[in-house]
$ cat run05.pdb   # PDB, C-alpha atoms
ATOM      1  CA  MET A   1      85.868 106.553  84.379
ATOM      2  CA  PRO A   2      86.605 107.392  88.006
ATOM      3  CA  CYS A   3      89.632 109.490  87.138
ATOM      4  CA  GLN A   4      90.242 113.207  87.057
ATOM      5  CA  TRP A   5      92.973 114.942  85.085
ATOM      6  CA  THR A   6      94.075 118.411  86.152
ATOM      7  CA  ASP A   7      93.363 121.189  83.702
ATOM      8  CA  THR A   8      96.827 122.682  83.987
ATOM      9  CA  THR A   9      99.526 121.694  81.546
ATOM     10  CA  GLU A  10     102.385 121.437  84.041
ATOM     11  CA  PRO A  11     102.482 119.213  86.044
ATOM     12  CA  ARG A  12      99.820 116.837  84.774
ATOM     13  CA  LYS A  13      98.011 115.080  87.622
ATOM     14  CA  LEU A  14      95.710 112.102  87.437
ATOM     15  CA  THR A  15      93.603 111.128  90.449
ATOM     16  CA  LEU A  16      92.040 107.651  90.441
ATOM     17  CA  THR A  17      89.348 106.508  92.863
ATOM     18  CA  PRO A  18      87.175 103.362  92.964
ATOM     19  CA  HIS A  19      83.572 103.438  91.815
ATOM     20  CA  GLN A  20      81.074 104.426  94.513
ATOM     21  CA  SER A  21      77.718 103.083  93.371
ATOM     22  CA  MET A  22      75.849 103.602  96.657
ATOM     23  CA  THR A  23      75.414 107.161  97.839
ATOM     24  CA  PRO A  24      74.717 107.958 101.517
ATOM     25  CA  LYS A  25      71.078 108.634 100.590
ATOM     26  CA  GLY A  26      70.922 105.272  98.807
ATOM     27  CA  PHE A  27      72.295 103.580 101.916
ATOM     28  CA  VAL A  28      69.541 105.098 104.064
ATOM     29  CA  VAL A  29      66.855 104.050 101.574
ATOM     30  CA  PHE A  30      68.262 100.521 101.285
ATOM     31  CA  MET A  31      68.517 100.002 105.045
ATOM     32  CA  GLY A  32      65.025 101.458 105.573
ATOM     33  CA  ALA A  33      63.535  99.102 102.982
ATOM     34  CA  THR A  34      65.406  96.156 104.519
ATOM     35  CA  LEU A  35      64.114  96.975 107.999
ATOM     36  CA  ALA A  36      60.567  97.363 106.648
ATOM     37  CA  MET A  37      60.724  93.959 104.919
ATOM     38  CA  ILE A  38      62.088  92.325 108.068
ATOM     39  CA  ALA A  39      59.351  93.945 110.173
ATOM     40  CA  ILE A  40      56.541  92.425 108.078
ATOM     41  CA  PRO A  41      57.082  88.813 109.280
ATOM     42  CA  LEU A  42      57.608  90.073 112.827
ATOM     43  CA  LEU A  43      54.097  91.586 112.830
ATOM     44  CA  ALA A  44      52.622  88.071 112.674
ATOM     45  CA  VAL A  45      54.327  87.041 115.915
ATOM     46  CA  LEU A  46      53.915  90.343 117.749
ATOM     47  CA  GLY A  47      52.870  89.708 121.335
ATOM     48  CA  SER A  48      53.978  86.069 121.426
ATOM     49  CA  PRO A  49      57.133  84.527 122.894
ATOM     50  CA  VAL A  50      58.254  83.541 119.357
ATOM     51  CA  LEU A  51      59.073  87.214 118.744
ATOM     52  CA  TRP A  52      61.868  87.052 121.315
ATOM     53  CA  GLY A  53      63.291  83.967 119.614
ATOM     54  CA  LEU A  54      63.315  85.583 116.149
ATOM     55  CA  LEU A  55      64.373  89.094 117.142
ATOM     56  CA  PRO A  56      68.061  88.317 117.835
ATOM     57  CA  PHE A  57      68.465  86.656 114.422
ATOM     58  CA  PHE A  58      66.886  89.603 112.628
ATOM     59  CA  ALA A  59      69.065  92.007 114.627
ATOM     60  CA  ILE A  60      72.217  90.049 113.697
ATOM     61  CA  ALA A  61      71.174  90.050 110.021
ATOM     62  CA  VAL A  62      70.617  93.829 109.988
ATOM     63  CA  TRP A  63      73.867  94.484 111.868
ATOM     64  CA  GLY A  64      75.787  92.217 109.438
ATOM     65  CA  LEU A  65      74.352  94.032 106.430
ATOM     66  CA  TRP A  66      75.105  97.440 107.972
ATOM     67  CA  TYR A  67      78.667  96.384 108.797
ATOM     68  CA  ALA A  68      79.352  94.861 105.351
ATOM     69  CA  ILE A  69      78.136  97.934 103.464
ATOM     70  CA  GLY A  70      80.032 100.268 105.803
ATOM     71  CA  ARG A  71      83.217  98.217 105.451
ATOM     72  CA  ASN A  72      82.882  98.277 101.659
ATOM     73  CA  ARG A  73      82.449 102.047 101.713
ATOM     74  CA  ARG A  74      85.517 102.491 103.960
ATOM     75  CA  ASP A  75      87.627 100.190 101.772
ATOM     76  CA  ALA A  76      86.674 102.251  98.728
ATOM     77  CA  GLN A  77      88.317 105.357 100.230
ATOM     78  CA  LEU A  78      91.405 104.537  98.175
ATOM     79  CA  THR A  79      93.125 107.215  96.088
ATOM     80  CA  GLU A  80      95.935 106.928  93.561
ATOM     81  CA  THR A  81      97.542 110.182  92.393
ATOM     82  CA  LEU A  82      99.858 110.100  89.390
ATOM     83  CA  THR A  83     101.936 113.240  88.784
ATOM     84  CA  LEU A  84     103.678 113.591  85.419
ATOM     85  CA  THR A  85     106.328 116.181  84.593
ATOM     86  CA  PRO A  86     108.987 116.164  81.860
ATOM     87  CA  ASP A  87     111.576 115.158  84.497
ATOM     88  CA  ARG A  88     109.704 112.854  86.883
ATOM     89  CA  VAL A  89     106.724 110.509  87.237
ATOM     90  CA  GLU A  90     105.386 109.975  90.752
ATOM     91  CA  LEU A  91     102.609 107.687  91.983
ATOM     92  CA  ILE A  92     101.163 108.098  95.486
ATOM     93  CA  ARG A  93      98.663 105.522  96.738
ATOM     94  CA  GLU A  94      96.691 106.527  99.839
ATOM     95  CA  GLU A  95      94.986 103.493 101.337
ATOM     96  CA  PRO A  96      91.835 103.569 103.495
ATOM     97  CA  ARG A  97      93.567 102.756 106.764
ATOM     98  CA  GLY A  98      96.070 105.608 106.465
ATOM     99  CA  LYS A  99      98.964 103.806 104.802
ATOM    100  CA  THR A 100     100.663 105.723 101.985
ATOM    101  CA  ARG A 101     102.815 104.114  99.310
ATOM    102  CA  GLN A 102     104.984 106.125  96.968
ATOM    103  CA  TRP A 103     106.844 105.363  93.755
ATOM    104  CA  ALA A 104     108.840 107.723  91.541
ATOM    105  CA  ALA A 105     111.064 107.452  88.480
ATOM    106  CA  ASP A 106     112.635 109.530  85.729
ATOM    107  CA  THR A 107     110.106 110.168  82.954
ATOM    108  CA  TYR A 108     112.563 109.058  80.277
ATOM    109  CA  TRP A 109     112.814 105.539  81.762
ATOM    110  CA  VAL A 110     109.163 105.005  82.689
ATOM    111  CA  SER A 111     107.198 102.603  80.537
ATOM    112  CA  VAL A 112     103.532 101.672  80.674
ATOM    113  CA  HIS A 113     102.656  97.980  80.350
ATOM    114  CA  LEU A 114      99.296  96.384  79.667
ATOM    115  CA  HIS A 115      99.287  92.639  80.325
ATOM    116  CA  PRO A 116      96.286  91.394  78.329
ATOM    117  CA  GLY A 117      95.989  87.708  79.178
ATOM    118  CA  ASP A 118      98.931  86.345  81.125
ATOM    119  CA  THR A 119      97.672  87.525  84.534
ATOM    120  CA  PRO A 120      94.640  86.685  86.695
ATOM    121  CA  VAL A 121      93.354  90.245  86.124
ATOM    122  CA  GLU A 122      92.211  91.108  82.610
ATOM    123  CA  HIS A 123      94.263  93.977  81.112
ATOM    124  CA  TYR A 124      96.566  94.367  84.119
ATOM    125  CA  LEU A 125      98.122  97.872  83.966
ATOM    126  CA  THR A 126     101.578  98.620  85.386
ATOM    127  CA  LEU A 127     104.197 101.353  85.334
ATOM    128  CA  LYS A 128     107.825 100.295  85.192
ATOM    129  CA  GLY A 129     110.825 102.431  86.028
ATOM    130  CA  GLY A 130     113.356 103.144  88.723
ATOM    131  CA  GLY A 131     113.985  99.432  89.170
ATOM    132  CA  ARG A 132     110.373  98.667  90.142
ATOM    133  CA  GLU A 133     107.088  97.802  88.527
ATOM    134  CA  VAL A 134     103.921  99.103  90.193
ATOM    135  CA  GLU A 135     100.270  98.431  89.544
ATOM    136  CA  LEU A 136      98.001 101.272  88.500
ATOM    137  CA  GLY A 137      94.207 101.351  88.773
ATOM    138  CA  ALA A 138      93.582  97.822  90.047
ATOM    139  CA  PHE A 139      89.984  98.817  90.829
ATOM    140  CA  LEU A 140      89.250 100.030  87.287
ATOM    141  CA  SER A 141      87.319  97.958  84.768
ATOM    142  CA  PRO A 142      89.310  96.287  81.937
ATOM    143  CA  GLU A 143      88.016  98.831  79.402
ATOM    144  CA  GLU A 144      89.027 101.736  81.640
ATOM    145  CA  ARG A 145      92.525 100.284  82.043
ATOM    146  CA  VAL A 146      92.892 100.014  78.242
ATOM    147  CA  ASP A 147      91.780 103.645  77.835
ATOM    148  CA  LEU A 148      94.171 104.756  80.570
ATOM    149  CA  TYR A 149      97.014 102.781  78.966
ATOM    150  CA  ASP A 150      96.471 104.554  75.622
ATOM    151  CA  ARG A 151      96.307 107.973  77.240
ATOM    152  CA  LEU A 152      99.378 107.435  79.442
ATOM    153  CA  THR A 153     101.431 106.059  76.554
ATOM    154  CA  ASP A 154     100.684 109.156  74.459
ATOM    155  CA  LEU A 155     101.278 111.522  77.368
ATOM    156  CA  LEU A 156     104.629 109.953  78.310
ATOM    157  CA  ALA A 157     105.772 110.144  74.681
ATOM    158  CA  SER A 158     104.919 113.863  74.530
ATOM    159  CA  LEU A 159     106.648 114.502  77.879
ATOM    160  CA  ARG A 160     109.815 112.759  76.682
ATOM    161  CA  GLN A 161     109.892 115.013  73.627
ATOM    162  CA  ALA A 162     109.484 118.084  75.841
ATOM    163  CA  GLN A 163     112.458 117.048  78.011
ATOM    164  CA  PRO A 164     115.452 119.382  77.734
ATOM    165  CA  THR A 165     118.523 117.746  76.241
TER     166      THR A 165
END

$ encode --input "run05.pdb" --output "structure tokens"
Amino acid sequence: MPCQWTDTTEPRKLTLTPHQSMTPKGFVVFMGATLAMIAIPLLAVLGSPVLWGLLPFFAIAVWGLWYAIGRNRRDAQLTETLTLTPDRVELIREEPRGKTRQWAADTYWVSVHLHPGDTPVEHYLTLKGGGREVELGAFLSPEERVDLYDRLTDLLASLRQAQPT
């Protein structure tokens, strides 16, 4: 699961990030193989005027692929940080283009909801409290959201018991 819990007991922090399946080295290998495969048909027309007719289309195809993969990598620079203490739960979402969204509520009133089938997303995970309901881990797989739901439910219950009365 693309999440990291802090090792300390107080405060508990969870950092969620989207999956990154293509490494920078993988990107170089993929683009190199793509360019090599595109160059093979161009060898047949090397030295003829047809080359100049085909070259712009191949260049546009390579640029489009480069741009799409780069855009996907930039969009995956999303981070959600959930901080849990006996008094407060805070969620900070840092989006790829610099926008930061923040939500906080009293731990006692926070509840975790898993919407199994009544939403377009399977196992939609939300936190509710402080008069708002916010989504958590939209980029996680359904199984990861179920695991996170179980862990957060247990953790919130233990934090509520640790709250001073």

$ atom_distance --input "run05.pdb" --atom1 "CA of Leu78 in chain A" --atom2 "CA of Phe139 in chain A"
9.4 Å

$ axis_aligned_box --input "run05.pdb" --around "range 157-162 of chain A" --padding-each-side "8 Å" --output "lines of an AutoDock Vina configuration file"
center_x = 107.4
center_y = 114.1
center_z = 75.8
size_x = 21.0
size_y = 23.9
size_z = 20.3

$ resolve_selection --input "run05.pdb" --expression "the PyMOL selection byres ((chain A and resi 22-32) around 10)" --output "PDB file with C-alpha atoms, keeping the file's coordinate frame"
ATOM      1  CA  HIS A  19      83.572 103.438  91.815  1.00  0.00           C
ATOM      2  CA  GLN A  20      81.074 104.426  94.513  1.00  0.00           C
ATOM      3  CA  SER A  21      77.718 103.083  93.371  1.00  0.00           C
ATOM      4  CA  ALA A  33      63.535  99.102 102.982  1.00  0.00           C
ATOM      5  CA  THR A  34      65.406  96.156 104.519  1.00  0.00           C
ATOM      6  CA  LEU A  35      64.114  96.975 107.999  1.00  0.00           C
ATOM      7  CA  ALA A  36      60.567  97.363 106.648  1.00  0.00           C
ATOM      8  CA  MET A  37      60.724  93.959 104.919  1.00  0.00           C
ATOM      9  CA  ILE A  38      62.088  92.325 108.068  1.00  0.00           C
ATOM     10  CA  VAL A  62      70.617  93.829 109.988  1.00  0.00           C
ATOM     11  CA  LEU A  65      74.352  94.032 106.430  1.00  0.00           C
ATOM     12  CA  TRP A  66      75.105  97.440 107.972  1.00  0.00           C
ATOM     13  CA  ILE A  69      78.136  97.934 103.464  1.00  0.00           C
ATOM     14  CA  GLY A  70      80.032 100.268 105.803  1.00  0.00           C
ATOM     15  CA  ARG A  73      82.449 102.047 101.713  1.00  0.00           C
TER      16      ARG A  73
END

$ atom_distance --input "run05.pdb" --atom1 "CA of Val89 in chain A" --atom2 "CA of Thr17 in chain A"
18.7 Å

$ atom_distance --input "run05.pdb" --atom1 "CA of Arg160 in chain A" --atom2 "CA of Cys3 in chain A"
23.0 Å

$ residues_around --input "run05.pdb" --residues "His115 in chain A" --least-positions-apart "6" --cutoff "9 Å" --atoms "only C-alpha atoms" --output "list in words"
Val121, Glu122, His123, Tyr124, Leu125 and Thr126 of chain A

$ residues_around --input "run05.pdb" --residues "Lys128 in chain A" --least-positions-apart "3" --cutoff "6 Å" --atoms "all atoms listed in the file" --output "list in words"
Val110, Ser111, Arg132 and Glu133 of chain A

$ write_last_selection --input "run05.pdb" --atoms "C-alpha atoms" --output "JSON list (two decimals), keeping the file's coordinate frame"
[["chain", "number", "residue", "atom", "x", "y", "z"],
["A", 110, "VAL", "CA", 109.16, 105.00, 82.69],
["A", 111, "SER", "CA", 107.20, 102.60, 80.54],
["A", 132, "ARG", "CA", 110.37, 98.67, 90.14],
["A", 133, "GLU", "CA", 107.09, 97.80, 88.53]]

$ closest_residue --input "run05.pdb" --among "A:Pro120, A:Pro86, A:Pro56, A:Gly98" --to "Ala138 in chain A" --atoms "all atoms listed in the file"
A:Pro120

$ closest_residue --input "run05.pdb" --among "A:Pro11, A:Pro41, A:Gly47, A:Pro116" --to "Arg145 in chain A" --atoms "all atoms listed in the file"
A:Pro116

$ closest_residue --input "run05.pdb" --among "A:Ala76, A:Ala105, A:Leu51, A:Ala68" --to "Arg88 in chain A" --atoms "only C-alpha atoms"
A:Ala105

$ residues_around --input "run05.pdb" --residues "Ala104 in chain A" --least-positions-apart "2" --cutoff "8 Å" --atoms "all atoms listed in the file" --output "CSV table (one decimal) with C-alpha atoms, in the coordinates of the input"
chain,number,residue,atom,x,y,z
A,88,ARG,CA,109.7,112.9,86.9
A,89,VAL,CA,106.7,110.5,87.2
A,90,GLU,CA,105.4,110.0,90.8
A,91,LEU,CA,102.6,107.7,92.0
A,102,GLN,CA,105.0,106.1,97.0
A,106,ASP,CA,112.6,109.5,85.7
A,129,GLY,CA,110.8,102.4,86.0
A,130,GLY,CA,113.4,103.1,88.7

$ closest_residue --input "run05.pdb" --among "A:Ile92, A:Leu46, A:Leu84, A:Val134" --to "Leu159 in chain A" --atoms "all atoms listed in the file"
A:Leu84

$ resolve_selection --input "run05.pdb" --expression "the PyMOL selection byres ((chain A and resi 93) around 10)" --output "PyMOL selection string"
chain A and resi 15-16+78-82+91-92+94-96+99-103+136
